[in-house]
$ cat coords-v6.cif   # mmCIF, C-alpha atoms
data_protein
#
loop_
_atom_site.group_PDB
_atom_site.id
_atom_site.type_symbol
_atom_site.label_atom_id
_atom_site.label_comp_id
_atom_site.auth_asym_id
_atom_site.auth_seq_id
_atom_site.Cartn_x
_atom_site.Cartn_y
_atom_site.Cartn_z
ATOM 1 C CA LYS A 268 -8.144 -10.251 -1.650
ATOM 2 C CA VAL A 269 -5.570 -7.470 -1.432
ATOM 3 C CA LYS A 270 -6.063 -5.215 1.595
ATOM 4 C CA LEU A 271 -4.364 -1.894 1.067
ATOM 5 C CA LEU A 272 -2.710 0.116 3.787
ATOM 6 C CA ASN A 273 -3.137 3.874 3.998
ATOM 7 C CA ARG A 274 0.440 4.553 2.900
ATOM 8 C CA ARG A 275 2.393 5.211 -0.255
ATOM 9 C CA TYR A 276 2.866 2.200 -2.582
ATOM 10 C CA SER A 277 0.531 -0.292 -0.919
ATOM 11 C CA GLY A 278 -0.248 -3.508 -2.782
ATOM 12 C CA VAL A 279 0.921 -7.033 -3.413
ATOM 13 C CA GLU A 280 3.817 -8.930 -4.972
ATOM 14 C CA LEU A 281 3.255 -12.253 -6.733
ATOM 15 C CA GLU A 282 5.455 -14.650 -4.816
ATOM 16 C CA TYR A 283 4.690 -18.033 -6.399
ATOM 17 C CA PHE A 284 4.740 -17.306 -10.107
ATOM 18 C CA PRO A 285 6.826 -18.688 -12.991
ATOM 19 C CA ARG A 286 10.232 -17.043 -13.447
ATOM 20 C CA ASP A 287 10.750 -17.985 -17.103
ATOM 21 C CA TRP A 288 8.479 -15.872 -19.319
ATOM 22 C CA SER A 289 10.498 -16.354 -22.514
ATOM 23 C CA ASN A 290 7.870 -18.519 -24.251
ATOM 24 C CA TYR A 291 4.892 -16.275 -23.467
ATOM 25 C CA SER A 292 3.366 -13.199 -25.108
ATOM 26 C CA TRP A 293 0.970 -11.811 -22.488
ATOM 27 C CA LEU A 294 0.546 -11.341 -18.755
ATOM 28 C CA GLN A 295 -3.169 -11.288 -18.001
ATOM 29 C CA PHE A 296 -5.248 -11.000 -14.838
ATOM 30 C CA ARG A 297 -8.562 -9.691 -13.566
ATOM 31 C CA VAL A 298 -9.092 -7.145 -10.824
ATOM 32 C CA PHE A 299 -12.304 -6.441 -8.945
ATOM 33 C CA ASN A 300 -12.365 -2.855 -7.705
ATOM 34 C CA THR A 301 -14.488 -2.869 -4.542
ATOM 35 C CA TYR A 302 -14.196 0.898 -4.190
ATOM 36 C CA LYS A 303 -16.951 3.144 -5.560
ATOM 37 C CA ALA A 304 -14.479 5.250 -7.537
ATOM 38 C CA PRO A 305 -11.942 4.267 -10.223
ATOM 39 C CA PHE A 306 -8.255 4.027 -9.353
ATOM 40 C CA ASN A 307 -4.947 3.573 -11.163
ATOM 41 C CA LEU A 308 -3.334 0.205 -10.526
ATOM 42 C CA VAL A 309 0.422 0.240 -11.056
ATOM 43 C CA VAL A 310 2.007 -2.943 -12.426
ATOM 44 C CA SER A 311 5.756 -3.371 -12.085
ATOM 45 C CA VAL A 312 7.837 -6.282 -13.436
ATOM 46 C CA PHE A 313 11.574 -6.756 -12.973
ATOM 47 C CA ASP A 314 14.309 -9.321 -13.544
ATOM 48 C CA ARG A 315 17.416 -10.291 -11.551
ATOM 49 C CA GLN A 316 19.542 -7.613 -13.254
ATOM 50 C CA HIS A 317 17.197 -4.954 -11.873
ATOM 51 C CA LYS A 318 18.308 -5.926 -8.369
ATOM 52 C CA VAL A 319 21.974 -5.720 -9.456
ATOM 53 C CA ASN A 320 21.228 -2.278 -10.928
ATOM 54 C CA LYS A 321 20.015 -1.094 -7.488
ATOM 55 C CA PHE A 322 16.296 -1.048 -8.379
ATOM 56 C CA ARG A 323 16.551 2.042 -10.612
ATOM 57 C CA PHE A 324 13.137 3.221 -11.809
ATOM 58 C CA HIS A 325 14.054 3.186 -15.521
ATOM 59 C CA ASP A 326 15.436 -0.355 -15.285
ATOM 60 C CA ARG A 327 12.080 -2.173 -15.011
ATOM 61 C CA PHE A 328 8.618 -2.300 -16.542
ATOM 62 C CA THR A 329 6.097 -0.007 -14.841
ATOM 63 C CA ASP A 330 2.696 0.986 -16.197
ATOM 64 C CA LYS A 331 -0.631 2.233 -14.823
ATOM 65 C CA PHE A 332 -3.996 0.642 -15.572
ATOM 66 C CA PHE A 333 -7.313 2.405 -14.937
ATOM 67 C CA MET A 334 -9.603 0.250 -12.777
ATOM 68 C CA ASN A 335 -13.319 1.041 -12.875
ATOM 69 C CA PRO A 336 -15.578 -0.180 -10.049
ATOM 70 C CA GLY A 337 -16.325 -3.887 -10.560
ATOM 71 C CA TRP A 338 -14.371 -6.336 -12.743
ATOM 72 C CA ASN A 339 -11.518 -5.189 -14.990
ATOM 73 C CA GLU A 340 -9.225 -7.234 -17.230
ATOM 74 C CA VAL A 341 -5.569 -6.284 -17.528
ATOM 75 C CA ARG A 342 -3.432 -7.526 -20.423
ATOM 76 C CA VAL A 343 0.241 -6.614 -20.675
ATOM 77 C CA HIS A 344 2.076 -7.467 -23.896
ATOM 78 C CA LEU A 345 5.391 -8.955 -22.818
ATOM 79 C CA ALA A 346 7.290 -7.179 -25.612
ATOM 80 C CA LYS A 347 6.573 -3.986 -23.635
ATOM 81 C CA VAL A 348 8.050 -5.660 -20.564
ATOM 82 C CA LYS A 349 11.123 -6.909 -22.441
ATOM 83 C CA TYR A 350 11.984 -3.489 -23.863
ATOM 84 C CA ALA A 351 10.999 -1.404 -20.841
ATOM 85 C CA PRO A 352 14.459 -0.989 -19.247
ATOM 86 C CA LYS A 353 16.117 2.126 -20.632
ATOM 87 C CA ASP A 354 19.607 0.750 -21.375
ATOM 88 C CA ARG A 355 19.024 -2.976 -21.932
ATOM 89 C CA GLN A 356 16.488 -5.721 -22.596
ATOM 90 C CA MET A 357 14.859 -7.447 -19.676
ATOM 91 C CA ASP A 358 15.864 -11.087 -19.244
ATOM 92 C CA MET A 359 12.491 -12.747 -19.814
ATOM 93 C CA SER A 360 13.870 -16.099 -18.626
ATOM 94 C CA ASP A 361 14.685 -14.695 -15.176
ATOM 95 C CA ILE A 362 11.747 -12.582 -13.969
ATOM 96 C CA GLN A 363 12.127 -11.952 -10.254
ATOM 97 C CA GLY A 364 9.146 -9.840 -9.318
ATOM 98 C CA VAL A 365 5.642 -8.755 -10.262
ATOM 99 C CA ARG A 366 4.145 -6.029 -8.099
ATOM 100 C CA LEU A 367 0.667 -4.499 -8.210
ATOM 101 C CA TYR A 368 0.046 -1.446 -6.083
ATOM 102 C CA LEU A 369 -1.697 1.879 -5.647
ATOM 103 C CA VAL A 370 0.382 4.974 -5.038
ATOM 104 C CA LYS A 371 -1.677 6.211 -2.066
ATOM 105 C CA PRO A 372 -4.911 4.308 -1.453
ATOM 106 C CA GLU A 373 -7.786 5.422 0.722
ATOM 107 C CA THR A 374 -8.207 3.985 4.206
ATOM 108 C CA GLY A 375 -9.856 0.554 4.033
ATOM 109 C CA GLN A 376 -9.557 0.249 0.248
ATOM 110 C CA CYS A 377 -9.042 -3.220 -1.199
ATOM 111 C CA PHE A 378 -9.289 -5.123 -4.468
ATOM 112 C CA PHE A 379 -9.558 -8.741 -5.546
ATOM 113 C CA MET A 380 -7.299 -10.460 -8.088
ATOM 114 C CA ASP A 381 -8.299 -13.485 -10.115
ATOM 115 C CA ASP A 382 -7.212 -15.564 -13.098
ATOM 116 C CA VAL A 383 -3.546 -14.467 -13.095
ATOM 117 C CA ARG A 384 -1.787 -16.137 -16.015
ATOM 118 C CA LEU A 385 0.853 -16.026 -18.697
ATOM 119 C CA ILE A 386 -0.476 -16.576 -22.220
ATOM 120 C CA LYS A 387 1.447 -17.828 -25.271
#
$ encode --input "coords-v6.cif" --output "structure tokens"
Amino acid sequence: KVKLLNRRYSGVELEYFPRDWSNYSWLQFRVFNTYKAPFNLVVSVFDRQHKVNKFRFHDRFTDKFFMNPGWNEVRVHLAKVKYAPKDRQMDMSDIQGVRLYLVKPETGQCFFMDDVRLIK
């Protein structure tokens, strides 16, 4: 369960997740939208170099996914992640962070995550 705060960029970061994604093709997970209206879930992925590059917006993967009320499946092709940084390729063997957030959620809004996995 991810409880969202009524502030900009509220969400969750996957803390205990594999760092080496080099042998995988997809990031997949399910989200249950408990809210009665759809929302855009932002997914952000970055490697160690992103930290060195001072967390510049165009130096990571960021995409929005439309979440209807109820269960939604999200699949991210890792080639999109690899080639997302503007001036380089992401180091898929050294992924440092995966963040899921809403830009400005409503008071009391939450969602559930399930079945988070990397797929070959």
$ resolve_selection --input "coords-v6.cif" --expression "the PyMOL selection byres ((chain A and resi 286) around 6)" --output "JSON, numbers by chain"
{"A": [285, 287, 361, 362]}
$ closest_residue --input "coords-v6.cif" --among "A:Ser292, A:Asn273, A:Gln363, A:Gln376" --to "Lys318 of chain A" --atoms "all atoms listed in the file"
A:Gln363
$ closest_residue --input "coords-v6.cif" --among "A:Asp326, A:Asp382, A:Glu340, A:Glu373" --to "Met357 of chain A" --atoms "all atoms listed in the file"
A:Asp326
$ resolve_selection --input "coords-v6.cif" --expression "the PyMOL selection byres ((chain A and resi 279) around 8)" --output "PyMOL selection string"
chain A and resi 269+277-278+280-281+366-368
$ atom_distance --input "coords-v6.cif" --atom1 "atom CA of Leu369 of chain A" --atom2 "atom CA of Ser289 of chain A"
27.7 Å
$ resolve_selection --input "coords-v6.cif" --expression "the PyMOL selection byres ((chain A and resi 311) around 10)" --output "PyMOL selection string"
chain A and resi 280+308-310+312-313+324+327-331+348+364-368
$ axis_aligned_box --input "coords-v6.cif" --around "segment 301-307 of chain A" --padding-each-side "3 Å" --output "lines of an AutoDock Vina configuration file"
center_x = -10.9
center_y = 1.2
center_z = -7.7
size_x = 18.0
size_y = 14.1
size_z = 13.0
$ closest_residue --input "coords-v6.cif" --among "A:Asn307, A:Asn290, A:Gln295, A:Thr374" --to "His344 of chain A" --atoms "only C-alpha atoms"
A:Gln295
$ closest_residue --input "coords-v6.cif" --among "A:Thr301, A:Tyr283, A:Trp288, A:Lys268" --to "Lys387 of chain A" --atoms "all atoms listed in the file"
A:Trp288
$ residues_around --input "coords-v6.cif" --residues "Trp338 of chain A" --least-positions-apart "2" --cutoff "12 Å" --atoms "only C-alpha atoms" --output "MDAnalysis selection string"
chainID A and resid 296:302 305 333:336 340:341 378:382
$ closest_residue --input "coords-v6.cif" --among "A:Cys377, A:Pro372, A:His317, A:Met359" --to "Arg275 of chain A" --atoms "only C-alpha atoms"
A:Pro372
$ atom_distance --input "coords-v6.cif" --atom1 "atom CA of Gly375 of chain A" --atom2 "atom CA of Lys303 of chain A"
12.2 Å
